[in-house]
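Just data_26.cif here, mmCIF, C-alpha atoms and all ligand atoms:
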data_protein
#
loop_
_atom_site.label_atom_id
_atom_site.label_comp_id
_atom_site.auth_asym_id
_atom_site.auth_seq_id
_atom_site.Cartn_x
_atom_site.Cartn_y
_atom_site.Cartn_z
CA MET A 1 16.82 -16.57 20.63
CA HIS A 2 20.02 -16.16 18.67
CA ALA A 3 22.64 -13.45 19.28
CA ILE A 4 21.68 -12.09 15.86
CA ALA A 5 17.96 -12.21 15.21
CA LYS A 6 16.88 -13.52 11.83
CA ILE A 7 13.86 -11.46 10.79
CA HIS A 8 11.86 -12.34 7.69
CA LEU A 9 10.23 -9.41 5.91
CA ILE A 10 7.43 -10.70 3.66
CA ALA A 11 7.13 -8.78 0.40
CA ALA A 12 4.48 -9.80 -2.09
CA ALA A 13 2.63 -7.11 -3.98
CA ARG A 14 3.28 -3.54 -5.06
CA PRO A 15 1.88 -1.79 -1.96
CA ASN A 16 4.10 -3.93 0.29
CA PHE A 17 7.43 -2.77 -1.02
CA MET A 18 7.29 0.80 0.34
CA LYS A 19 6.32 -0.63 3.74
CA ILE A 20 9.19 -3.13 3.81
CA ALA A 21 11.90 -0.75 2.56
CA PRO A 22 12.28 1.64 5.53
CA LEU A 23 12.21 -1.28 7.95
CA TYR A 24 14.79 -3.23 5.97
CA HIS A 25 17.13 -0.21 5.89
CA ALA A 26 16.62 0.49 9.61
CA LEU A 27 17.19 -3.14 10.66
CA LYS A 28 20.27 -3.40 8.47
CA LYS A 29 21.95 -0.77 10.69
CA GLU A 30 21.43 -2.83 13.85
CA SER A 31 24.19 -5.23 14.91
CA TRP A 32 21.63 -7.56 16.50
CA ALA A 33 19.38 -7.96 13.45
CA GLU A 34 19.59 -9.83 10.15
CA PRO A 35 16.70 -8.75 7.92
CA VAL A 36 15.85 -11.33 5.25
CA ILE A 37 13.51 -10.39 2.38
CA VAL A 38 11.12 -13.13 1.30
CA HIS A 39 9.25 -12.28 -1.92
CA THR A 40 6.20 -14.48 -2.41
CA GLY A 41 5.92 -13.60 -6.10
CA GLN A 42 2.28 -12.41 -5.89
CA HIS A 43 3.31 -9.49 -8.12
CA TYR A 44 5.88 -10.55 -10.67
CA ASP A 45 5.82 -8.10 -13.61
CA PRO A 46 9.05 -6.05 -13.56
CA GLY A 47 6.96 -2.85 -13.51
CA MET A 48 4.97 -4.05 -10.50
CA SER A 49 7.88 -5.45 -8.51
CA GLY A 50 11.55 -5.25 -9.65
CA ALA A 51 11.35 -1.54 -10.48
CA PHE A 52 10.11 -0.85 -6.95
CA PHE A 53 13.00 -2.78 -5.41
CA GLN A 54 15.45 -0.66 -7.41
CA ASP A 55 13.70 2.63 -6.59
CA LEU A 56 13.55 1.80 -2.89
CA GLU A 57 17.20 0.69 -2.90
CA LEU A 58 16.31 -2.81 -1.76
CA PRO A 59 18.57 -5.77 -2.59
CA GLU A 60 17.28 -8.70 -4.63
CA PRO A 61 14.98 -10.77 -2.41
CA HIS A 62 16.93 -13.35 -0.42
CA PHE A 63 14.19 -15.90 -1.15
CA HIS A 64 11.61 -15.97 -3.91
CA LEU A 65 8.59 -18.26 -3.54
CA GLY A 66 7.38 -17.69 -7.11
CA VAL A 67 3.66 -18.21 -6.43
CA GLY A 68 2.27 -15.92 -9.18
CA SER A 69 -1.42 -15.25 -9.85
CA GLY A 70 -4.47 -17.43 -9.26
CA THR A 71 -7.76 -17.53 -7.43
CA HIS A 72 -7.69 -16.41 -3.81
CA ALA A 73 -7.48 -19.97 -2.51
CA GLU A 74 -4.82 -20.93 -5.05
CA GLN A 75 -2.66 -17.92 -4.29
CA THR A 76 -3.10 -18.19 -0.51
CA GLY A 77 -2.53 -21.94 -0.59
CA ARG A 78 0.60 -21.72 -2.71
CA VAL A 79 2.15 -19.10 -0.41
CA MET A 80 1.39 -21.28 2.62
CA ILE A 81 2.89 -24.39 1.02
CA GLU A 82 6.04 -22.67 -0.23
CA TYR A 83 6.58 -20.57 2.88
CA GLU A 84 6.11 -23.56 5.17
CA LYS A 85 8.93 -25.31 3.26
CA LEU A 86 11.19 -22.31 3.72
CA LEU A 87 10.41 -22.06 7.43
CA ALA A 88 11.02 -25.77 7.88
CA GLY A 89 14.50 -25.43 6.40
CA GLY A 90 15.93 -22.97 8.93
CA THR A 91 15.43 -21.00 12.09
CA VAL A 92 13.59 -17.69 12.02
CA ASP A 93 13.14 -15.47 15.06
CA LEU A 94 10.37 -13.22 13.77
CA VAL A 95 8.23 -12.94 10.65
CA VAL A 96 7.11 -9.42 9.75
CA VAL A 97 4.10 -9.17 7.46
CA VAL A 98 2.77 -5.88 6.11
CA GLY A 99 -0.52 -4.59 4.76
CA ASP A 100 -3.44 -6.75 3.75
CA VAL A 101 -2.74 -8.73 0.59
CA ASN A 102 -3.33 -12.47 0.21
CA SER A 103 0.33 -13.21 0.91
CA THR A 104 0.13 -11.30 4.22
CA ALA A 105 -2.54 -13.64 5.58
CA ALA A 106 -0.96 -16.73 4.00
CA ALA A 107 2.52 -16.17 5.44
CA THR A 108 0.95 -15.44 8.84
CA LEU A 109 -1.02 -18.69 8.78
CA ALA A 110 2.00 -20.75 7.77
CA ALA A 111 4.27 -19.18 10.40
CA ALA A 112 1.73 -19.27 13.25
CA LYS A 113 1.10 -22.98 12.67
CA MET A 114 4.84 -23.64 12.86
CA GLY A 115 5.06 -21.76 16.15
CA VAL A 116 7.06 -18.89 14.64
CA LYS A 117 6.30 -15.42 16.05
CA VAL A 118 4.57 -13.01 13.69
CA ALA A 119 4.40 -9.21 13.74
CA HIS A 120 1.93 -7.25 11.60
CA LEU A 121 2.86 -3.80 10.36
CA GLU A 122 -0.25 -1.72 9.49
CA ALA A 123 -2.42 -3.72 11.88
CA GLY A 124 -5.94 -2.89 13.01
CA LEU A 125 -7.31 -1.16 9.91
CA ARG A 126 -10.90 -2.14 9.19
CA SER A 127 -13.32 -1.22 6.41
CA PHE A 128 -16.03 -3.38 8.06
CA ASP A 129 -16.74 -4.67 4.56
CA ARG A 130 -16.11 -8.39 4.24
CA THR A 131 -16.80 -8.34 0.51
CA MET A 132 -13.25 -6.95 0.25
CA PRO A 133 -10.69 -9.77 0.21
CA GLU A 134 -8.29 -7.45 2.03
CA GLU A 135 -10.67 -7.14 5.00
CA ILE A 136 -10.59 -10.91 5.46
CA ASN A 137 -6.80 -10.86 5.20
CA ARG A 138 -6.62 -8.12 7.84
CA ILE A 139 -8.86 -9.97 10.28
CA VAL A 140 -7.04 -13.30 9.91
CA THR A 141 -3.61 -11.69 10.20
CA ASP A 142 -4.47 -9.62 13.26
CA ALA A 143 -6.11 -12.57 15.02
CA LEU A 144 -2.87 -14.56 14.75
CA ALA A 145 -0.11 -11.96 15.07
CA ASP A 146 1.93 -11.72 18.27
CA LEU A 147 2.80 -8.05 17.77
CA LEU A 148 0.49 -5.52 16.14
CA TRP A 149 1.91 -2.20 14.96
CA THR A 150 -0.81 0.31 14.11
CA PRO A 151 -0.71 3.42 11.90
CA SER A 152 -3.48 5.36 13.69
CA ARG A 153 -5.41 5.32 16.95
CA ASP A 154 -8.63 4.09 15.30
CA ALA A 155 -6.72 0.90 14.49
CA ASP A 156 -5.84 0.41 18.19
CA ALA A 157 -9.52 0.81 19.05
CA ASN A 158 -10.55 -1.77 16.42
CA LEU A 159 -8.10 -4.32 17.78
CA LEU A 160 -9.10 -3.77 21.41
CA ARG A 161 -12.77 -4.16 20.40
CA GLU A 162 -11.89 -7.51 18.80
CA GLY A 163 -10.32 -8.68 22.05
CA VAL A 164 -6.63 -8.31 21.16
CA PRO A 165 -4.74 -7.79 24.45
CA GLY A 166 -3.53 -4.19 24.73
CA GLU A 167 0.07 -5.25 25.44
CA LYS A 168 0.38 -6.75 21.93
CA ILE A 169 -0.56 -3.43 20.28
CA ARG A 170 1.82 -0.56 19.60
CA PHE A 171 0.84 2.66 17.82
CA VAL A 172 3.88 3.36 15.62
CA GLY A 173 2.53 5.63 12.86
CA ASN A 174 2.54 5.22 9.11
CA ILE A 175 5.60 3.51 7.61
CA MET A 176 4.69 4.67 4.06
CA ILE A 177 5.60 8.20 5.12
CA ASP A 178 9.09 6.93 6.03
CA SER A 179 9.55 5.75 2.43
CA LEU A 180 8.30 9.05 1.08
CA GLU A 181 10.66 11.06 3.30
CA MET A 182 13.56 8.67 2.68
CA MET A 183 13.17 9.22 -1.08
CA ARG A 184 12.01 12.85 -1.03
CA LEU A 185 15.12 14.36 -2.65
CA ARG A 186 15.05 11.89 -5.51
CA ILE A 187 11.28 12.28 -5.86
CA ASP A 188 11.58 16.07 -6.04
CA ARG A 189 14.35 15.94 -8.62
CA THR A 190 12.63 13.52 -10.99
CA ASP A 191 10.13 15.84 -12.70
CA ALA A 192 8.32 12.83 -14.15
CA TRP A 193 5.33 15.01 -15.16
CA ARG A 194 7.50 16.62 -17.87
CA LYS A 195 8.01 13.26 -19.56
CA TYR A 196 4.24 12.92 -19.97
CA GLY A 197 3.90 16.43 -21.43
CA LEU A 198 1.95 17.72 -18.41
CA GLU A 199 2.08 20.99 -16.51
CA ARG A 200 2.96 21.01 -12.82
CA GLY A 201 -0.22 21.22 -10.70
CA ARG A 202 -2.46 21.08 -13.76
CA TYR A 203 -3.39 17.43 -14.17
CA GLY A 204 -5.31 14.72 -12.35
CA LEU A 205 -3.72 11.37 -11.48
CA VAL A 206 -5.91 8.26 -11.82
CA THR A 207 -5.33 4.73 -10.46
CA LEU A 208 -7.97 2.00 -10.37
CA HIS A 209 -7.60 -1.68 -9.60
CA ARG A 210 -10.22 -2.83 -7.05
CA PRO A 211 -12.29 -5.76 -8.36
CA SER A 212 -15.47 -3.88 -7.32
CA ASN A 213 -14.58 -1.07 -9.75
CA VAL A 214 -12.78 -2.82 -12.58
CA ASP A 215 -14.06 -6.39 -12.81
CA GLY A 216 -17.64 -5.59 -13.91
CA ARG A 217 -18.29 -4.19 -17.37
CA GLU A 218 -20.98 -1.79 -16.16
CA SER A 219 -18.92 -0.10 -13.44
CA LEU A 220 -15.87 0.08 -15.67
CA GLU A 221 -17.93 1.69 -18.43
CA ARG A 222 -19.42 4.26 -16.04
CA LEU A 223 -15.98 5.15 -14.71
CA CYS A 224 -14.55 5.52 -18.21
CA SER A 225 -17.38 7.88 -19.22
CA GLU A 226 -16.75 10.04 -16.14
CA LEU A 227 -13.01 10.14 -16.82
CA ILE A 228 -13.55 11.10 -20.46
CA GLY A 229 -15.88 13.93 -19.33
CA ILE A 230 -13.33 15.23 -16.79
CA SER A 231 -10.49 15.07 -19.31
CA SER A 232 -12.14 17.80 -21.38
CA LYS A 233 -11.53 20.19 -18.41
CA ILE A 234 -8.15 19.02 -17.13
CA PRO A 235 -5.69 16.43 -18.46
CA LEU A 236 -5.63 13.06 -16.73
CA ILE A 237 -2.81 10.55 -16.47
CA PHE A 238 -3.82 6.96 -15.82
CA PRO A 239 -1.08 4.38 -15.16
CA VAL A 240 -3.01 1.15 -15.63
CA HIS A 241 -2.73 -1.84 -13.28
CA PRO A 242 -2.50 -5.24 -15.09
CA ARG A 243 -5.89 -6.37 -13.76
CA THR A 244 -7.53 -3.17 -15.04
CA ARG A 245 -5.70 -3.32 -18.38
CA LYS A 246 -6.92 -6.85 -18.98
CA ASN A 247 -10.53 -5.83 -18.32
CA LEU A 248 -10.33 -2.59 -20.32
CA GLU A 249 -9.00 -4.54 -23.27
CA ALA A 250 -11.56 -7.35 -22.97
CA THR A 251 -14.45 -4.86 -22.92
CA GLY A 252 -13.13 -2.67 -25.75
CA LEU A 253 -13.10 0.32 -23.36
CA MET A 254 -9.35 0.76 -23.74
CA THR A 255 -9.87 1.99 -27.31
CA ARG A 256 -12.36 4.61 -26.09
CA LEU A 257 -9.95 5.85 -23.41
CA LYS A 258 -7.05 5.99 -25.84
CA GLU A 259 -9.15 8.01 -28.29
CA SER A 260 -9.74 10.73 -25.66
CA ARG A 261 -7.08 13.30 -26.17
CA GLY A 262 -7.11 14.45 -22.53
CA ILE A 263 -6.23 11.05 -21.06
CA SER A 264 -2.74 9.53 -21.10
CA ILE A 265 -2.89 5.79 -20.64
CA GLU A 266 0.41 4.53 -19.24
CA GLU A 267 2.08 1.39 -17.94
CA PRO A 268 2.44 1.17 -14.13
CA ILE A 269 5.00 3.73 -12.93
CA SER A 270 7.66 2.83 -10.35
CA TYR A 271 7.87 4.42 -6.91
CA VAL A 272 10.04 7.51 -7.37
CA PRO A 273 8.49 8.84 -10.62
CA PHE A 274 5.00 7.87 -9.44
CA MET A 275 5.42 9.82 -6.20
CA ASN A 276 6.67 12.75 -8.25
CA MET A 277 3.41 12.53 -10.22
CA VAL A 278 1.50 12.57 -6.91
CA PHE A 279 3.51 15.51 -5.50
CA ASN A 280 2.65 17.62 -8.54
CA CYS A 281 -0.92 16.65 -9.39
CA ARG A 282 -3.95 18.86 -8.83
CA PHE A 283 -5.92 15.92 -7.42
CA ALA A 284 -5.91 12.12 -7.38
CA ILE A 285 -8.75 9.79 -8.35
CA THR A 286 -8.12 6.35 -6.90
CA ASP A 287 -9.31 3.20 -5.19
CA SER A 288 -5.88 2.42 -3.71
CA GLY A 289 -5.26 2.41 0.04
CA GLY A 290 -1.77 3.90 -0.05
CA ILE A 291 -2.66 6.87 -2.25
CA GLN A 292 -5.39 7.93 0.20
CA GLU A 293 -2.63 8.19 2.81
CA GLU A 294 0.08 9.78 0.69
CA THR A 295 -2.27 12.53 -0.54
CA THR A 296 -3.40 13.22 3.04
CA TYR A 297 0.22 13.63 4.09
CA LEU A 298 0.90 15.96 1.16
CA GLY A 299 -2.37 17.93 1.51
CA ILE A 300 -3.52 17.01 -2.01
CA PRO A 301 -7.24 16.38 -2.68
CA CYS A 302 -8.06 12.70 -3.17
CA LEU A 303 -11.33 11.33 -4.55
CA THR A 304 -11.65 7.70 -3.55
CA LEU A 305 -14.02 5.53 -5.56
CA ARG A 306 -15.13 3.30 -2.73
CA PRO A 307 -18.14 3.12 -0.41
CA ASN A 308 -15.88 2.77 2.65
CA THR A 309 -12.27 2.97 3.73
CA GLU A 310 -10.17 1.10 6.27
CA ARG A 311 -8.23 4.38 6.58
CA PRO A 312 -10.92 6.70 8.00
CA ILE A 313 -8.34 9.14 9.37
CA THR A 314 -7.65 10.23 5.76
CA VAL A 315 -11.25 11.49 5.65
CA THR A 316 -11.70 12.79 9.21
CA GLU A 317 -8.31 14.55 9.33
CA GLY A 318 -7.01 14.46 5.77
CA THR A 319 -7.92 15.45 2.24
CA ASN A 320 -9.63 12.24 1.19
CA ARG A 321 -13.30 11.99 0.18
CA LEU A 322 -15.23 8.78 -0.54
CA ILE A 323 -17.42 9.16 -3.59
CA GLN A 324 -19.68 7.21 -5.93
CA PRO A 325 -18.59 6.84 -9.56
CA GLU A 326 -21.49 8.98 -10.82
CA GLU A 327 -20.39 11.84 -8.53
CA LEU A 328 -16.90 11.97 -9.94
CA GLY A 329 -17.47 14.71 -12.55
CA SER A 330 -19.22 17.06 -10.11
CA HIS A 331 -16.60 16.55 -7.41
CA VAL A 332 -13.78 17.35 -9.78
CA HIS A 333 -15.66 20.43 -10.95
CA ALA A 334 -16.15 21.63 -7.35
CA LEU A 335 -12.54 20.94 -6.58
CA LEU A 336 -11.29 22.93 -9.55
CA GLU A 337 -13.47 25.87 -8.45
CA ASN A 338 -12.73 25.77 -4.71
CA HIS A 339 -9.33 24.14 -4.37
CA GLY A 340 -10.65 21.22 -2.34
CA PRO A 341 -10.52 20.21 1.32
CA LYS A 342 -7.79 21.34 3.70
CA GLY A 343 -6.47 18.64 5.96
CA LYS A 344 -3.84 18.04 8.61
CA ILE A 345 -1.13 15.43 8.96
CA PRO A 346 -2.20 12.59 11.28
CA GLU A 347 -0.30 11.87 14.49
CA LEU A 348 3.02 9.99 14.06
CA TRP A 349 2.98 10.17 10.28
CA ASP A 350 6.41 11.69 10.68
CA GLY A 351 8.96 9.56 8.84
CA HIS A 352 10.17 7.86 12.06
CA THR A 353 7.92 4.82 12.16
CA ALA A 354 10.68 2.36 11.22
CA GLU A 355 12.74 3.49 14.25
CA ARG A 356 9.78 2.83 16.55
CA VAL A 357 9.25 -0.59 14.98
CA VAL A 358 12.94 -1.49 15.39
CA LYS A 359 12.76 -0.59 19.11
CA SER A 360 9.62 -2.67 19.49
CA ILE A 361 11.28 -5.68 17.81
CA HIS A 362 14.36 -5.39 20.04
CA ARG A 363 12.22 -5.25 23.14
CA PHE A 364 10.12 -8.20 22.00
CA LEU A 365 13.05 -10.43 21.08
CA PHE A 366 15.78 -9.49 23.55
CA GLU A 367 14.23 -7.95 26.61
CA ASN A 368 12.15 -11.01 27.25
CA ARG A 369 8.98 -8.97 27.42
CA GLN A 370 6.28 -10.49 25.21
CA THR A 371 4.75 -7.10 24.54
CA ALA A 372 4.88 -4.47 21.86
CA THR A 373 4.71 -1.44 24.11
CA THR A 374 7.71 0.48 25.37
C1 LIG B 1 -3.38 -7.09 -5.01
C2 LIG B 1 -3.98 -7.03 -3.60
C3 LIG B 1 -4.58 -5.65 -3.34
C4 LIG B 1 -3.56 -4.57 -3.63
C5 LIG B 1 -3.06 -4.73 -5.05
C6 LIG B 1 -2.08 -3.67 -5.43
C7 LIG B 1 -5.00 -9.10 -2.75
C8 LIG B 1 -6.27 -9.76 -2.47
N1 LIG B 1 -5.08 -7.98 -3.47
O1 LIG B 1 -4.44 -6.94 -5.94
O2 LIG B 1 -4.95 -5.58 -1.99
O3 LIG B 1 -4.18 -3.31 -3.45
O4 LIG B 1 -2.45 -6.01 -5.15
O5 LIG B 1 -1.72 -3.79 -6.77
O6 LIG B 1 -3.97 -9.55 -2.31
N2 LIG B 1 -1.08 -9.43 -12.63
C9 LIG B 1 -0.11 -9.27 -13.58
N3 LIG B 1 1.17 -9.02 -13.17
C10 LIG B 1 1.51 -8.91 -11.87
C11 LIG B 1 0.49 -9.10 -10.89
C12 LIG B 1 -0.78 -9.33 -11.29
O7 LIG B 1 -0.37 -9.35 -14.77
O8 LIG B 1 2.70 -8.68 -11.56
C13 LIG B 1 -2.47 -9.64 -13.06
C14 LIG B 1 -2.86 -11.11 -13.10
O9 LIG B 1 -3.70 -11.30 -14.18
C15 LIG B 1 -3.62 -11.30 -11.81
C16 LIG B 1 -4.26 -9.94 -11.61
O10 LIG B 1 -3.34 -9.02 -12.15
O11 LIG B 1 -4.53 -12.34 -11.88
C17 LIG B 1 -4.55 -9.63 -10.18
O12 LIG B 1 -3.38 -9.78 -9.37
P1 LIG B 1 -3.52 -10.16 -7.81
O13 LIG B 1 -2.18 -10.18 -7.18
O14 LIG B 1 -4.37 -11.36 -7.66
O15 LIG B 1 -4.38 -9.00 -7.23
P2 LIG B 1 -4.29 -7.40 -7.45
O16 LIG B 1 -5.50 -6.97 -8.17
O17 LIG B 1 -2.96 -6.98 -7.98
#

Do you think you could lay out the structure here as structure tokens?
Ligand code: UD1
Amino acid sequence: MHAIAKIHLIAAARPNFMKIAPLYHALKKESWAEPVIVHTGQHYDPGMSGAFFQDLELPEPHFHLGVGSGTHAEQTGRVMIEYEKLLAGGTVDLVVVVGDVNSTAAATLAAAKMGVKVAHLEAGLRSFDRTMPEEINRIVTDALADLLWTPSRDADANLLREGVPGEKIRFVGNIMIDSLEMMRLRIDRTDAWRKYGLERGRYGLVTLHRPSNVDGRESLERLCSELIGISSKIPLIFPVHPRTRKNLEATGLMTRLKESRGISIEEPISYVPFMNMVFNCRFAITDSGGIQEETTYLGIPCLTLRPNTERPITVTEGTNRLIQPEELGSHVHALLENHGPKGKIPELWDGHTAERVVKSIHRFLFENRQTATT
């Protein structure tokens, strides 16, 4: 151990950046820590990456692996190869990986094989659906990590059931809420909805990018028909992920969506204006993981187009509902009539997760206790 601990924070894809940011800012204040941002390059479009760094007040990544897109094996393999080279070139005291993207599992594999300690932030979530690439990434990462920081108690239970020793697990809460609270003033002041000609509280926000929803023509077509139907009752804004855009264009469905007057098709929106759009929407329609959590925290109804979720607390305690595509229209109708489900804020989703993580890192690295618990 060095007097100043070098801590790699692995950033890769859009949902990672708001998990890295609060931890980077918290570690930066500590005299004993040197946080180093390693961007794998999984997301590379400025609108999917650079804009988020600026919004979250992050510096340019200290290292950029430049892996780009590819098949799962290509992307995972490239991150492993490039990250191994980086690790071989210098000493690192701890690698922090977040979430469940391909780069999360790849960086964990590379580091673990080089004997470098790994900590996983957002550990223990399970959808129990191995057709999701993210589920495989979660299982691999959690099996190898030395420290596992969980966002909810169900995640602790999942890890214990899989045989992870209890002393490696620490329930720290949801780091995404730290980002939201850190940026709340700026988010409130942005009024992004005005720019899109919408009325506060009188529009639905749509995001879709899961392969199971957007890669097949049939499911994409069904979803577009539902959205067009809904847009005759309430305006929808749909910032389109690159994967979804590519498929909408290839199937000709983009033209149909653009012809519907009630739907605004937009480029991806960066963190602060996007969160402003969430704060002020009537409901969200999504297949994202993060939006299920953010809407639960804000008490906004969320209709999730998935058969399962690795974030069950957003359903049992929050405002999230899992629905089938063909139920979308009727759910929105019911919601507009009845104002939707009331929820509560889950335990430790309080904006102080980064502080708990920093304490856990200090204990792990300096107090010679190979455990996550305080
Ligand atoms: C990835 C994550 C997913 C996460 C999502 C958030 C995996 C397995 N999936 O999915 O968990 O919810 O990020 O967005 O890690 N592309 C661009 N520009 C970019 C990035 C991607 O055009 O900056 C296009 C490429 O054509 C690429 C496709 O989008 O092939 C998919 O990108 P990829 O990173 O493989 O997966 P996502 O669908 O973004």

List all protein, DNA and RNA residues that have an atom no more than 7 Å from any atom of ligand LIG 1 (chain B), counting all atoms listed in the file, and report them as a PDB file with C-alpha atoms, keeping the file's coordinate frame.
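Okay, this is what ended up in pocket_6.pdb:
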ATOM      1  CA  ALA A  13       2.630  -7.110  -3.980  1.00  0.00           C
ATOM      2  CA  ARG A  14       3.280  -3.540  -5.060  1.00  0.00           C
ATOM      3  CA  PRO A  15       1.880  -1.790  -1.960  1.00  0.00           C
ATOM      4  CA  GLN A  42       2.280 -12.410  -5.890  1.00  0.00           C
ATOM      5  CA  HIS A  43       3.310  -9.490  -8.120  1.00  0.00           C
ATOM      6  CA  TYR A  44       5.880 -10.550 -10.670  1.00  0.00           C
ATOM      7  CA  ASP A  45       5.820  -8.100 -13.610  1.00  0.00           C
ATOM      8  CA  MET A  48       4.970  -4.050 -10.500  1.00  0.00           C
ATOM      9  CA  SER A  49       7.880  -5.450  -8.510  1.00  0.00           C
ATOM     10  CA  SER A  69      -1.420 -15.250  -9.850  1.00  0.00           C
ATOM     11  CA  GLY A  70      -4.470 -17.430  -9.260  1.00  0.00           C
ATOM     12  CA  HIS A  72      -7.690 -16.410  -3.810  1.00  0.00           C
ATOM     13  CA  ASP A 100      -3.440  -6.750   3.750  1.00  0.00           C
ATOM     14  CA  VAL A 101      -2.740  -8.730   0.590  1.00  0.00           C
ATOM     15  CA  ASN A 102      -3.330 -12.470   0.210  1.00  0.00           C
ATOM     16  CA  SER A 103       0.330 -13.210   0.910  1.00  0.00           C
ATOM     17  CA  PRO A 133     -10.690  -9.770   0.210  1.00  0.00           C
ATOM     18  CA  GLU A 134      -8.290  -7.450   2.030  1.00  0.00           C
ATOM     19  CA  HIS A 209      -7.600  -1.680  -9.600  1.00  0.00           C
ATOM     20  CA  ARG A 210     -10.220  -2.830  -7.050  1.00  0.00           C
ATOM     21  CA  PRO A 211     -12.290  -5.760  -8.360  1.00  0.00           C
ATOM     22  CA  HIS A 241      -2.730  -1.840 -13.280  1.00  0.00           C
ATOM     23  CA  PRO A 242      -2.500  -5.240 -15.090  1.00  0.00           C
ATOM     24  CA  ARG A 243      -5.890  -6.370 -13.760  1.00  0.00           C
ATOM     25  CA  SER A 288      -5.880   2.420  -3.710  1.00  0.00           C
ATOM     26  CA  GLY A 289      -5.260   2.410   0.040  1.00  0.00           C
TER      27      GLY A 289
END

Anything within 12 Å of (18.6, -4.2, 9.0): list those residues as a ChimeraX atom specification, counting only C-alpha atoms and sticking to the file's coordinates.
/A:4-9,20-37,58-59,354-355,357-358,361-362

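Among A:Gly124, A:Gly77, A:Gly115, A:Pro346, the residue with the shortest atom-to-atom distance to Val164 in chain A, counting all atoms listed in the file, is A:Gly124.
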
In terms of the shortest atom-to-atom distance over all atoms listed in the file, which of A:Val67, A:Ile345, A:Ala112, A:Ile187 is closest to Val315 in chain A?
A:Ile345

Asn158 in chain A: which residues within 8 Å, counting only C-alpha atoms, same-chain residues fewer than 2 positions away excluded, as a PyMOL selection string?
chain A and resi 124-126+154-156+160-162

Could you tell me how far CA of Met275 in chain A lies from CA of Pro235 in chain A, in Å and to one decimal?
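Answer for the CA of Met275 in chain A to CA of Pro235 in chain A separation: 17.8 Å.
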
From (-11.1, -6.1, -17.1), in the file's coordinates, out to 12 Å: which residues are reached, counting all atoms listed in the file? Answer as a list in words.
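Nearby residues: Leu208, His209, Arg210, Pro211, Ser212, Asn213, Val214, Asp215, Gly216, Arg217, Glu218, Ser219, Leu220, Glu221, Val240, His241, Pro242, Arg243, Thr244, Arg245, Lys246, Asn247, Leu248, Glu249, Ala250, Thr251, Gly252, Leu253 and Met254 of chain A.
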
Do you have the CA of Pro312 in chain A-CA of Glu181 in chain A distance handy?
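Going from CA of Pro312 in chain A over to CA of Glu181 in chain A, I get 22.5 Å.
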
Atomic distance CA of Ile263 in chain A - CA of Cys281 in chain A, expressed in Å with one decimal:
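Distance between the two atoms: 14.0 Å.
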
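In this comparison, which uses all atoms listed in the file, the residue of A:Leu56, A:Trp349, A:Gly318, A:Ile237 approaching Ser264 in chain A most closely is A:Ile237.
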
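Between Ile81 in chain A and the residues A:Ile175, A:Thr40, A:Val95, A:Phe63, the shortest atom-to-atom distance, using only C-alpha atoms, involves A:Thr40.
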
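Restricting the calculation to all atoms listed in the file, the smallest distance between Gln54 in chain A and any of A:Asn308, A:Ser225, A:Asn16, A:Ser270 is found for A:Ser270.
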
Which residue out of A:Tyr83, A:Tyr297, A:Phe279, A:Phe128 has the minimum interatomic distance to Asp178 in chain A when all atoms listed in the file are used?
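Going through A:Tyr83, A:Tyr297, A:Phe279, A:Phe128 one by one, the smallest distance to Asp178 in chain A is for A:Tyr297.
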
Give me the residues near Cys302 in chain A as a PyMOL selection string, where near means some atom within 12 Å (using all atoms listed in the file) and where sequence neighbours in that chain fewer than 3 positions away do not count.
chain A and resi 204-207+278+281-299+305-306+314-315+318-323+328+331-332+335+339-343
